[in-house]
file query-v3.pdb (PDB, C-alpha atoms, pLDDT in the B column)
ATOM      1  CA  MET P 326      -6.967  22.092  -7.113  1.00 95.00           C
ATOM      2  CA  LYS P 327      -5.919  21.089 -10.602  1.00 97.00           C
ATOM      3  CA  ALA P 328      -2.494  19.852 -11.710  1.00 98.00           C
ATOM      4  CA  LEU P 329      -1.481  20.301 -15.338  1.00 99.00           C
ATOM      5  CA  LEU P 330       1.195  18.137 -16.970  1.00 99.00           C
ATOM      6  CA  VAL P 331       2.543  19.732 -20.141  1.00 99.00           C
ATOM      7  CA  ILE P 332       4.303  16.992 -22.082  1.00 99.00           C
ATOM      8  CA  ASP P 333       7.274  17.535 -24.446  1.00 97.00           C
ATOM      9  CA  MET P 334       6.370  21.015 -25.644  1.00 98.00           C
ATOM     10  CA  PHE P 335       9.933  22.317 -25.213  1.00 97.00           C
ATOM     11  CA  ASN P 336      11.038  20.170 -28.103  1.00 95.00           C
ATOM     12  CA  ARG P 337      13.946  20.110 -30.567  1.00 94.00           C
ATOM     13  CA  LEU P 338      11.718  18.482 -33.178  1.00 95.00           C
ATOM     14  CA  ASP P 339      14.734  16.724 -34.662  1.00 93.00           C
ATOM     15  CA  PHE P 340      13.430  13.170 -35.044  1.00 92.00           C
ATOM     16  CA  PRO P 341      11.777  11.213 -37.882  1.00 91.00           C
ATOM     17  CA  GLY P 342       8.202  12.461 -38.157  1.00 91.00           C
ATOM     18  CA  ALA P 343       8.943  15.860 -36.602  1.00 94.00           C
ATOM     19  CA  GLU P 344       8.068  17.566 -39.878  1.00 95.00           C
ATOM     20  CA  CYS P 345       4.526  16.249 -39.396  1.00 96.00           C
ATOM     21  CA  LEU P 346       4.305  16.970 -35.667  1.00 97.00           C
ATOM     22  CA  ALA P 347       5.762  20.496 -35.790  1.00 97.00           C
ATOM     23  CA  PRO P 348       2.807  22.355 -37.379  1.00 97.00           C
ATOM     24  CA  ARG P 349       0.369  20.572 -35.075  1.00 97.00           C
ATOM     25  CA  ALA P 350       2.447  21.366 -31.979  1.00 98.00           C
ATOM     26  CA  VAL P 351       2.658  25.012 -33.044  1.00 98.00           C
ATOM     27  CA  ALA P 352      -1.147  25.033 -33.496  1.00 97.00           C
ATOM     28  CA  ILE P 353      -1.786  23.974 -29.889  1.00 97.00           C
ATOM     29  CA  ALA P 354       0.907  26.184 -28.313  1.00 97.00           C
ATOM     30  CA  GLU P 355      -1.247  29.295 -27.951  1.00 96.00           C
ATOM     31  CA  PRO P 356      -4.324  27.588 -26.448  1.00 96.00           C
ATOM     32  CA  LEU P 357      -2.041  25.525 -24.214  1.00 97.00           C
ATOM     33  CA  ALA P 358      -0.339  28.720 -23.023  1.00 97.00           C
ATOM     34  CA  ALA P 359      -3.762  30.087 -22.074  1.00 96.00           C
ATOM     35  CA  LEU P 360      -4.516  26.871 -20.178  1.00 97.00           C
ATOM     36  CA  VAL P 361      -1.177  27.052 -18.313  1.00 97.00           C
ATOM     37  CA  SER P 362      -1.944  30.640 -17.299  1.00 96.00           C
ATOM     38  CA  GLN P 363      -5.464  29.735 -16.210  1.00 95.00           C
ATOM     39  CA  VAL P 364      -4.351  26.780 -14.079  1.00 97.00           C
ATOM     40  CA  ALA P 365      -1.575  28.816 -12.451  1.00 97.00           C
ATOM     41  CA  GLY P 366      -3.941  31.755 -11.901  1.00 96.00           C
ATOM     42  CA  GLU P 367      -6.399  29.466 -10.118  1.00 96.00           C
ATOM     43  CA  GLY P 368      -3.655  28.250  -7.766  1.00 97.00           C
ATOM     44  CA  GLY P 369      -3.112  24.945  -9.561  1.00 98.00           C
ATOM     45  CA  ALA P 370       0.189  23.184 -10.123  1.00 98.00           C
ATOM     46  CA  VAL P 371       1.971  23.255 -13.486  1.00 99.00           C
ATOM     47  CA  PHE P 372       4.534  20.628 -14.433  1.00 99.00           C
ATOM     48  CA  TYR P 373       6.488  20.715 -17.676  1.00 98.00           C
ATOM     49  CA  ALA P 374       7.543  17.113 -18.360  1.00 97.00           C
ATOM     50  CA  ASN P 375      10.213  16.897 -21.007  1.00 95.00           C
ATOM     51  CA  ASP P 376      12.732  14.500 -22.451  1.00 91.00           C
ATOM     52  CA  ASP P 377      16.019  15.032 -20.645  1.00 84.00           C
ATOM     53  CA  LEU P 378      18.049  17.089 -23.123  1.00 84.00           C
ATOM     54  CA  GLY P 379      21.221  17.271 -21.050  1.00 83.00           C
ATOM     55  CA  PRO P 380      22.586  20.560 -19.649  1.00 83.00           C
ATOM     56  CA  VAL P 381      19.788  22.683 -21.154  1.00 80.00           C
ATOM     57  CA  SER P 382      17.350  20.655 -19.020  1.00 83.00           C
ATOM     58  CA  ALA P 383      18.819  22.063 -15.797  1.00 88.00           C
ATOM     59  CA  SER P 384      15.864  24.431 -15.375  1.00 94.00           C
ATOM     60  CA  LEU P 385      12.702  25.497 -17.145  1.00 96.00           C
ATOM     61  CA  SER P 386      14.214  28.865 -18.021  1.00 95.00           C
ATOM     62  CA  SER P 387      17.340  27.314 -19.591  1.00 95.00           C
ATOM     63  CA  LEU P 388      15.216  24.781 -21.483  1.00 95.00           C
ATOM     64  CA  LYS P 389      12.912  27.487 -22.839  1.00 96.00           C
ATOM     65  CA  GLN P 390      15.881  29.685 -23.785  1.00 96.00           C
ATOM     66  CA  ALA P 391      17.556  26.812 -25.665  1.00 95.00           C
ATOM     67  CA  MET P 392      14.385  26.243 -27.709  1.00 96.00           C
ATOM     68  CA  LEU P 393      14.039  29.972 -28.453  1.00 97.00           C
ATOM     69  CA  GLU P 394      17.643  30.044 -29.683  1.00 96.00           C
ATOM     70  CA  ARG P 395      17.040  26.943 -31.800  1.00 96.00           C
ATOM     71  CA  GLY P 396      14.585  28.830 -33.973  1.00 96.00           C
ATOM     72  CA  GLY P 397      11.906  27.372 -36.236  1.00 97.00           C
ATOM     73  CA  ALA P 398       8.946  25.522 -34.778  1.00 97.00           C
ATOM     74  CA  SER P 399      10.831  24.896 -31.504  1.00 97.00           C
ATOM     75  CA  ALA P 400      11.074  28.657 -30.950  1.00 98.00           C
ATOM     76  CA  ALA P 401       7.510  29.309 -32.113  1.00 98.00           C
ATOM     77  CA  ILE P 402       6.203  26.866 -29.519  1.00 98.00           C
ATOM     78  CA  ALA P 403       8.504  27.991 -26.692  1.00 98.00           C
ATOM     79  CA  GLY P 404       7.680  31.626 -27.379  1.00 98.00           C
ATOM     80  CA  HIS P 405       4.053  31.015 -26.449  1.00 97.00           C
ATOM     81  CA  LEU P 406       4.560  28.971 -23.304  1.00 98.00           C
ATOM     82  CA  PRO P 407       4.688  30.830 -19.997  1.00 98.00           C
ATOM     83  CA  ILE P 408       6.651  29.607 -17.007  1.00 98.00           C
ATOM     84  CA  PRO P 409       4.467  30.642 -14.084  1.00 98.00           C
ATOM     85  CA  ALA P 410       5.872  31.025 -10.589  1.00 96.00           C
ATOM     86  CA  GLY P 411       6.085  27.610  -8.964  1.00 96.00           C
ATOM     87  CA  ALA P 412       6.038  25.672 -12.252  1.00 98.00           C
ATOM     88  CA  GLU P 413       8.178  22.549 -12.016  1.00 97.00           C
ATOM     89  CA  LEU P 414      10.308  20.658 -14.530  1.00 96.00           C
ATOM     90  CA  VAL P 415      10.194  16.872 -14.784  1.00 97.00           C
ATOM     91  CA  ASN P 416      13.061  15.410 -16.831  1.00 95.00           C
ATOM     92  CA  LYS P 417      11.717  12.111 -18.118  1.00 95.00           C
ATOM     93  CA  PRO P 418      13.924   9.300 -19.446  1.00 93.00           C
ATOM     94  CA  GLN P 419      11.106   7.518 -21.317  1.00 93.00           C
ATOM     95  CA  HIS P 420       7.625   8.154 -22.713  1.00 96.00           C
ATOM     96  CA  SER P 421       5.760   8.454 -19.411  1.00 98.00           C
ATOM     97  CA  ALA P 422       6.377  11.450 -17.165  1.00 98.00           C
ATOM     98  CA  PHE P 423       6.046   9.028 -14.242  1.00 98.00           C
ATOM     99  CA  PHE P 424       8.674   6.471 -15.290  1.00 97.00           C
ATOM    100  CA  GLU P 425      11.731   6.761 -13.018  1.00 96.00           C
ATOM    101  CA  THR P 426      10.778  10.286 -11.886  1.00 96.00           C
ATOM    102  CA  SER P 427       9.406  11.668  -8.628  1.00 96.00           C
ATOM    103  CA  LEU P 428       6.259  13.008 -10.325  1.00 98.00           C
ATOM    104  CA  GLY P 429       3.936  10.469  -8.679  1.00 97.00           C
ATOM    105  CA  GLN P 430       5.119  11.394  -5.188  1.00 97.00           C
ATOM    106  CA  ARG P 431       5.002  15.114  -5.958  1.00 97.00           C
ATOM    107  CA  LEU P 432       1.412  14.823  -7.173  1.00 98.00           C
ATOM    108  CA  ARG P 433       0.367  12.694  -4.206  1.00 97.00           C
ATOM    109  CA  ALA P 434       1.742  15.374  -1.880  1.00 97.00           C
ATOM    110  CA  LEU P 435      -0.352  17.999  -3.683  1.00 97.00           C
ATOM    111  CA  ALA P 436      -3.495  15.813  -3.757  1.00 97.00           C
ATOM    112  CA  PRO P 437      -5.049  17.501  -6.810  1.00 98.00           C
ATOM    113  CA  ASP P 438      -8.728  16.992  -7.600  1.00 97.00           C
ATOM    114  CA  GLU P 439      -7.784  16.420 -11.227  1.00 97.00           C
ATOM    115  CA  VAL P 440      -4.643  15.881 -13.287  1.00 98.00           C
ATOM    116  CA  TRP P 441      -4.817  17.313 -16.794  1.00 98.00           C
ATOM    117  CA  VAL P 442      -2.359  16.010 -19.390  1.00 99.00           C
ATOM    118  CA  ALA P 443      -1.607  18.046 -22.527  1.00 99.00           C
ATOM    119  CA  GLY P 444       1.095  18.405 -25.172  1.00 98.00           C
ATOM    120  CA  VAL P 445       2.734  15.999 -27.611  1.00 98.00           C
ATOM    121  CA  ALA P 446       2.517  13.394 -28.844  1.00 97.00           C
ATOM    122  CA  ALA P 447      -1.014  12.312 -28.008  1.00 97.00           C
ATOM    123  CA  ASP P 448      -0.331   8.758 -29.188  1.00 97.00           C
ATOM    124  CA  LEU P 449       2.976   8.361 -27.301  1.00 97.00           C
ATOM    125  CA  CYS P 450       4.109  10.406 -24.316  1.00 98.00           C
ATOM    126  CA  VAL P 451       0.734  12.013 -23.555  1.00 99.00           C
ATOM    127  CA  LEU P 452      -0.965   8.609 -23.743  1.00 99.00           C
ATOM    128  CA  ALA P 453       1.645   6.901 -21.540  1.00 98.00           C
ATOM    129  CA  SER P 454       1.596   9.705 -18.966  1.00 99.00           C
ATOM    130  CA  ALA P 455      -2.210   9.869 -18.826  1.00 99.00           C
ATOM    131  CA  VAL P 456      -2.539   6.103 -18.363  1.00 98.00           C
ATOM    132  CA  ASP P 457       0.158   6.122 -15.664  1.00 98.00           C
ATOM    133  CA  ALA P 458      -1.593   8.983 -13.846  1.00 98.00           C
ATOM    134  CA  SER P 459      -4.858   7.049 -13.964  1.00 98.00           C
ATOM    135  CA  MET P 460      -3.184   3.864 -12.682  1.00 97.00           C
ATOM    136  CA  ARG P 461      -1.920   5.904  -9.726  1.00 97.00           C
ATOM    137  CA  GLY P 462      -5.504   6.755  -8.803  1.00 97.00           C
ATOM    138  CA  PHE P 463      -5.731  10.319 -10.108  1.00 98.00           C
ATOM    139  CA  ALA P 464      -8.802  11.647 -11.911  1.00 98.00           C
ATOM    140  CA  VAL P 465      -7.336  12.381 -15.349  1.00 98.00           C
ATOM    141  CA  ARG P 466      -8.428  14.648 -18.165  1.00 98.00           C
ATOM    142  CA  VAL P 467      -6.729  14.859 -21.562  1.00 98.00           C
ATOM    143  CA  PRO P 468      -8.339  17.874 -23.273  1.00 98.00           C
ATOM    144  CA  ALA P 469      -8.585  17.087 -26.985  1.00 97.00           C
ATOM    145  CA  ASP P 470      -7.849  20.659 -28.059  1.00 96.00           C
ATOM    146  CA  VAL P 471      -4.416  20.864 -26.397  1.00 97.00           C
ATOM    147  CA  VAL P 472      -2.838  17.613 -27.615  1.00 98.00           C
ATOM    148  CA  ALA P 473      -1.272  16.841 -30.993  1.00 98.00           C
ATOM    149  CA  SER P 474       0.320  13.953 -32.891  1.00 98.00           C
ATOM    150  CA  GLU P 475       2.120  13.492 -36.208  1.00 97.00           C
ATOM    151  CA  SER P 476      -1.248  12.920 -37.890  1.00 97.00           C
ATOM    152  CA  GLU P 477      -4.860  13.604 -37.054  1.00 96.00           C
ATOM    153  CA  GLU P 478      -5.493   9.850 -37.318  1.00 97.00           C
ATOM    154  CA  LYS P 479      -2.951   9.111 -34.577  1.00 97.00           C
ATOM    155  CA  ARG P 480      -4.343  11.878 -32.366  1.00 98.00           C
ATOM    156  CA  ALA P 481      -7.931  10.678 -32.846  1.00 97.00           C
ATOM    157  CA  ALA P 482      -6.975   7.039 -32.196  1.00 97.00           C
ATOM    158  CA  ALA P 483      -5.149   7.969 -28.981  1.00 98.00           C
ATOM    159  CA  LEU P 484      -8.082  10.034 -27.716  1.00 98.00           C
ATOM    160  CA  LEU P 485     -10.498   7.220 -28.580  1.00 98.00           C
ATOM    161  CA  LEU P 486      -8.372   4.717 -26.658  1.00 98.00           C
ATOM    162  CA  LEU P 487      -8.087   7.021 -23.638  1.00 98.00           C
ATOM    163  CA  ARG P 488     -11.823   7.742 -23.658  1.00 97.00           C
ATOM    164  CA  HIS P 489     -13.210   4.260 -24.310  1.00 97.00           C
ATOM    165  CA  SER P 490     -10.636   1.827 -22.922  1.00 97.00           C
ATOM    166  CA  PHE P 491      -9.310   3.862 -19.991  1.00 97.00           C
ATOM    167  CA  LYS P 492     -12.515   5.859 -19.352  1.00 97.00           C
ATOM    168  CA  LEU P 493     -10.639   9.164 -19.219  1.00 98.00           C
ATOM    169  CA  ASP P 494     -12.204  12.550 -19.868  1.00 97.00           C
ATOM    170  CA  THR P 495     -11.082  13.877 -23.268  1.00 97.00           C
ATOM    171  CA  ARG P 496     -13.541  16.746 -23.641  1.00 95.00           C
ATOM    172  CA  PRO P 497     -11.900  19.781 -25.247  1.00 95.00           C
ATOM    173  CA  TRP P 498     -10.901  22.505 -22.843  1.00 91.00           C
ATOM    174  CA  ARG P 499     -12.428  25.296 -24.923  1.00 85.00           C
ATOM    175  CA  GLY P 500     -15.382  23.444 -26.380  1.00 50.00           C
ATOM    176  CA  PRO P 501     -16.118  21.643 -29.664  1.00 46.00           C
ATOM    177  CA  GLY P 502     -13.616  21.830 -32.465  1.00 43.00           C
ATOM    178  CA  GLY P 503     -10.462  21.999 -30.416  1.00 44.00           C
ATOM    179  CA  GLY P 504      -7.248  23.838 -31.109  1.00 44.00           C
ATOM    180  CA  VAL P 505      -5.707  21.629 -33.786  1.00 44.00           C
ATOM    181  CA  ARG P 506      -6.148  22.906 -37.319  1.00 45.00           C
ATOM    182  CA  GLU P 507      -5.037  21.094 -40.450  1.00 43.00           C
ATOM    183  CA  SER P 508      -2.661  22.868 -42.817  1.00 45.00           C
ATOM    184  CA  ALA P 509      -1.771  21.762 -46.344  1.00 45.00           C
ATOM    185  CA  GLN P 510       1.586  20.493 -45.054  1.00 47.00           C
ATOM    186  CA  SER P 511       0.085  18.621 -42.112  1.00 46.00           C
ATOM    187  CA  ARG P 512      -2.544  16.961 -44.333  1.00 50.00           C
ATOM    188  CA  GLN P 513       0.321  15.312 -46.238  1.00 60.00           C
ATOM    189  CA  CYS P 514       1.283  13.391 -43.087  1.00 65.00           C
ATOM    190  CA  VAL P 515      -0.836  10.265 -43.109  1.00 57.00           C
ATOM    191  CA  SER P 516      -1.465   7.745 -40.368  1.00 47.00           C
ATOM    192  CA  GLY P 517       1.319   5.467 -41.578  1.00 49.00           C
ATOM    193  CA  SER P 518       4.024   8.108 -41.254  1.00 46.00           C
TER     194      SER P 518
END
call {"tool": "encode", "arguments": {"input": "query-v3.pdb", "output": "structure tokens"}}
result
Amino acid sequence: MKALLVIDMFNRLDFPGAECLAPRAVAIAEPLAALVSQVAGEGGAVFYANDDLGPVSASLSSLKQAMLERGGASAAIAGHLPIPAGAELVNKPQHSAFFETSLGQRLRALAPDEVWVAGVAADLCVLASAVDASMRGFAVRVPADVVASESEEKRAAALLLLRHSFKLDTRPWRGPGGGVRESAQSRQCVSGS
């Protein structure tokens, strides 16, 4: 059985650098939605790990609705993402979905063969969550085509670190090329931003 951690995809995108992350997050939303549906359809576990946004974080449905009402990229992303039966919400106080949450215990109880980590940002919350999952003894995969960062350089650096230093599987879910496509706007966001 597979467990999928979807990191920070229900997102207000209201922070410095969000203008660079938004088009990349939108680009992975559709393939990530397909992955969520596949994992759920195969009987796997789906966890949406998100920054705690207060009252709207009471449930997955209220969180999704708040992002749809927000409009813009937040709504475009949320509009793609399904909430399958049994999907769970993890409200995280820091970068890692494991920090001060019950996620580790919940995953241990499920005993998945693999934990897949996807979402944003590859160089922050995805990275921290994937490393924490690995440190807890889970076989971890971070599919390159369903993660995004503020720049392609940051995404590539995070995947390189996960693959070479932590020996995690970063093969794309759908094969070579991945789901992230550069737009004119996103190309303006350089590694230093």
call {"tool": "resolve_selection", "arguments": {"input": "query-v3.pdb", "expression": "the PyMOL selection byres ((chain P and resi 444-457) around 8)", "output": "PyMOL selection string"}}
result
chain P and resi 331-334+346+350+353+357+420-423+442-443+458-461+465-467+471-475+479-480+482-484+487+491
call {"tool": "atom_distance", "arguments": {"input": "query-v3.pdb", "atom1": "CA of Ala436 (chain P)", "atom2": "CA of Phe372 (chain P)"}}
result
14.2 Å
call {"tool": "closest_residue", "arguments": {"input": "query-v3.pdb", "among": "P:Gly462, P:Ser399, P:Arg349, P:Trp441", "to": "Gly429 (chain P)", "atoms": "all atoms listed in the file"}}
result
P:Gly462
call {"tool": "resolve_selection", "arguments": {"input": "query-v3.pdb", "expression": "the PyMOL selection byres ((chain P and resi 381) around 12)", "output": "list in words"}}
result
Phe335, Asn336, Arg337, Asn375, Asp376, Asp377, Leu378, Gly379, Pro380, Ser382, Ala383, Ser384, Leu385, Ser386, Ser387, Leu388, Lys389, Gln390, Ala391, Met392, Leu393, Glu394, Arg395, Leu414 and Asn416 of chain P
call {"tool": "write_last_selection", "arguments": {"input": "query-v3.pdb", "atoms": "C-alpha atoms", "output": "short mmCIF file (atom, residue, chain, number, x, y, z; two decimals), in the coordinates of the input"}}
result
data_model
loop_
_atom_site.label_atom_id
_atom_site.label_comp_id
_atom_site.auth_asym_id
_atom_site.auth_seq_id
_atom_site.Cartn_x
_atom_site.Cartn_y
_atom_site.Cartn_z
CA PHE P 335 9.93 22.32 -25.21
CA ASN P 336 11.04 20.17 -28.10
CA ARG P 337 13.95 20.11 -30.57
CA ASN P 375 10.21 16.90 -21.01
CA ASP P 376 12.73 14.50 -22.45
CA ASP P 377 16.02 15.03 -20.64
CA LEU P 378 18.05 17.09 -23.12
CA GLY P 379 21.22 17.27 -21.05
CA PRO P 380 22.59 20.56 -19.65
CA SER P 382 17.35 20.66 -19.02
CA ALA P 383 18.82 22.06 -15.80
CA SER P 384 15.86 24.43 -15.38
CA LEU P 385 12.70 25.50 -17.14
CA SER P 386 14.21 28.86 -18.02
CA SER P 387 17.34 27.31 -19.59
CA LEU P 388 15.22 24.78 -21.48
CA LYS P 389 12.91 27.49 -22.84
CA GLN P 390 15.88 29.68 -23.78
CA ALA P 391 17.56 26.81 -25.66
CA MET P 392 14.38 26.24 -27.71
CA LEU P 393 14.04 29.97 -28.45
CA GLU P 394 17.64 30.04 -29.68
CA ARG P 395 17.04 26.94 -31.80
CA LEU P 414 10.31 20.66 -14.53
CA ASN P 416 13.06 15.41 -16.83
#
call {"tool": "atom_distance", "arguments": {"input": "query-v3.pdb", "atom1": "CA of Glu367 (chain P)", "atom2": "CA of Leu432 (chain P)"}}
result
16.9 Å
call {"tool": "closest_residue", "arguments": {"input": "query-v3.pdb", "among": "P:Pro437, P:Pro407, P:Pro341, P:Pro468", "to": "Ala359 (chain P)", "atoms": "only C-alpha atoms"}}
result
P:Pro407
call {"tool": "atom_distance", "arguments": {"input": "query-v3.pdb", "atom1": "CA of Met326 (chain P)", "atom2": "CA of Val440 (chain P)"}}
result
9.1 Å
call {"tool": "axis_aligned_box", "arguments": {"input": "query-v3.pdb", "around": "region 338-357 of chain P", "padding_each_side": "5 Å", "output": "JSON"}}
result
{"center_x": 5.2, "center_y": 20.3, "center_z": -32.0, "size_x": 29.1, "size_y": 28.1, "size_z": 25.7}
call {"tool": "closest_residue", "arguments": {"input": "query-v3.pdb", "among": "P:Glu413, P:Glu355, P:Glu344, P:Glu477", "to": "Leu330 (chain P)", "atoms": "only C-alpha atoms"}}
result
P:Glu413
call {"tool": "build_atoms", "arguments": {"input": "query-v3.pdb", "residues": "region 391-420 of chain P", "atoms": "N, CA and C atoms", "output": "mmCIF file, keeping the file's coordinate frame"}}
result
data_model
loop_
_atom_site.group_PDB
_atom_site.id
_atom_site.type_symbol
_atom_site.label_atom_id
_atom_site.label_comp_id
_atom_site.auth_asym_id
_atom_site.auth_seq_id
_atom_site.Cartn_x
_atom_site.Cartn_y
_atom_site.Cartn_z
ATOM 1 N N ALA P 391 16.918 27.649 -24.642
ATOM 2 C CA ALA P 391 17.556 26.812 -25.665
ATOM 3 C C ALA P 391 16.627 26.605 -26.859
ATOM 4 N N MET P 392 15.326 26.435 -26.607
ATOM 5 C CA MET P 392 14.385 26.243 -27.709
ATOM 6 C C MET P 392 14.174 27.548 -28.477
ATOM 7 N N LEU P 393 14.160 28.679 -27.776
ATOM 8 C CA LEU P 393 14.039 29.972 -28.453
ATOM 9 C C LEU P 393 15.236 30.210 -29.369
ATOM 10 N N GLU P 394 16.426 29.867 -28.888
ATOM 11 C CA GLU P 394 17.643 30.044 -29.683
ATOM 12 C C GLU P 394 17.701 29.075 -30.861
ATOM 13 N N ARG P 395 17.038 27.947 -30.734
ATOM 14 C CA ARG P 395 17.040 26.943 -31.800
ATOM 15 C C ARG P 395 16.328 27.455 -33.051
ATOM 16 N N GLY P 396 15.329 28.286 -32.843
ATOM 17 C CA GLY P 396 14.585 28.830 -33.973
ATOM 18 C C GLY P 396 13.526 27.870 -34.487
ATOM 19 N N GLY P 397 12.910 28.219 -35.602
ATOM 20 C CA GLY P 397 11.906 27.372 -36.236
ATOM 21 C C GLY P 397 10.706 27.090 -35.354
ATOM 22 N N ALA P 398 10.134 25.914 -35.538
ATOM 23 C CA ALA P 398 8.946 25.522 -34.778
ATOM 24 C C ALA P 398 9.245 25.427 -33.283
ATOM 25 N N SER P 399 10.458 24.988 -32.922
ATOM 26 C CA SER P 399 10.831 24.896 -31.504
ATOM 27 C C SER P 399 10.687 26.251 -30.832
ATOM 28 N N ALA P 400 11.160 27.298 -31.493
ATOM 29 C CA ALA P 400 11.074 28.657 -30.950
ATOM 30 C C ALA P 400 9.640 29.173 -30.965
ATOM 31 N N ALA P 401 8.900 28.860 -32.028
ATOM 32 C CA ALA P 401 7.510 29.309 -32.113
ATOM 33 C C ALA P 401 6.692 28.754 -30.956
ATOM 34 N N ILE P 402 6.919 27.498 -30.630
ATOM 35 C CA ILE P 402 6.203 26.866 -29.519
ATOM 36 C C ILE P 402 6.654 27.476 -28.196
ATOM 37 N N ALA P 403 7.959 27.492 -27.962
ATOM 38 C CA ALA P 403 8.504 27.991 -26.692
ATOM 39 C C ALA P 403 8.118 29.441 -26.452
ATOM 40 N N GLY P 404 8.039 30.223 -27.516
ATOM 41 C CA GLY P 404 7.680 31.626 -27.379
ATOM 42 C C GLY P 404 6.299 31.846 -26.799
ATOM 43 N N HIS P 405 5.411 30.906 -26.991
ATOM 44 C CA HIS P 405 4.053 31.015 -26.449
ATOM 45 C C HIS P 405 3.963 30.587 -24.986
ATOM 46 N N LEU P 406 4.781 29.638 -24.588
ATOM 47 C CA LEU P 406 4.560 28.971 -23.304
ATOM 48 C C LEU P 406 5.106 29.768 -22.126
ATOM 49 N N PRO P 407 4.231 30.123 -21.186
ATOM 50 C CA PRO P 407 4.688 30.830 -19.997
ATOM 51 C C PRO P 407 5.285 29.853 -18.987
ATOM 52 N N ILE P 408 6.137 30.385 -18.134
ATOM 53 C CA ILE P 408 6.651 29.607 -17.007
ATOM 54 C C ILE P 408 6.173 30.322 -15.746
ATOM 55 N N PRO P 409 4.998 29.946 -15.253
ATOM 56 C CA PRO P 409 4.467 30.642 -14.084
ATOM 57 C C PRO P 409 5.286 30.345 -12.830
ATOM 58 N N ALA P 410 5.194 31.242 -11.866
ATOM 59 C CA ALA P 410 5.872 31.025 -10.589
ATOM 60 C C ALA P 410 5.439 29.680 -10.021
ATOM 61 N N GLY P 411 6.386 28.911 -9.558
ATOM 62 C CA GLY P 411 6.085 27.610 -8.964
ATOM 63 C C GLY P 411 6.007 26.468 -9.949
ATOM 64 N N ALA P 412 6.065 26.754 -11.256
ATOM 65 C CA ALA P 412 6.038 25.672 -12.252
ATOM 66 C C ALA P 412 7.269 24.800 -12.057
ATOM 67 N N GLU P 413 7.092 23.497 -12.244
ATOM 68 C CA GLU P 413 8.178 22.549 -12.016
ATOM 69 C C GLU P 413 8.529 21.808 -13.304
ATOM 70 N N LEU P 414 9.805 21.431 -13.399
ATOM 71 C CA LEU P 414 10.308 20.658 -14.530
ATOM 72 C C LEU P 414 10.471 19.204 -14.118
ATOM 73 N N VAL P 415 9.997 18.308 -14.965
ATOM 74 C CA VAL P 415 10.194 16.872 -14.784
ATOM 75 C C VAL P 415 11.000 16.391 -15.985
ATOM 76 N N ASN P 416 12.232 15.972 -15.759
ATOM 77 C CA ASN P 416 13.061 15.410 -16.831
ATOM 78 C C ASN P 416 12.773 13.919 -16.914
ATOM 79 N N LYS P 417 12.140 13.505 -18.002
ATOM 80 C CA LYS P 417 11.717 12.111 -18.118
ATOM 81 C C LYS P 417 12.660 11.325 -19.036
ATOM 82 N N PRO P 418 13.032 10.111 -18.623
ATOM 83 C CA PRO P 418 13.924 9.300 -19.446
ATOM 84 C C PRO P 418 13.201 8.466 -20.508
ATOM 85 N N GLN P 419 11.891 8.334 -20.384
ATOM 86 C CA GLN P 419 11.106 7.518 -21.317
ATOM 87 C C GLN P 419 9.815 8.245 -21.663
ATOM 88 N N HIS P 420 8.872 7.539 -22.260
ATOM 89 C CA HIS P 420 7.625 8.154 -22.713
ATOM 90 C C HIS P 420 6.808 8.740 -21.573
#
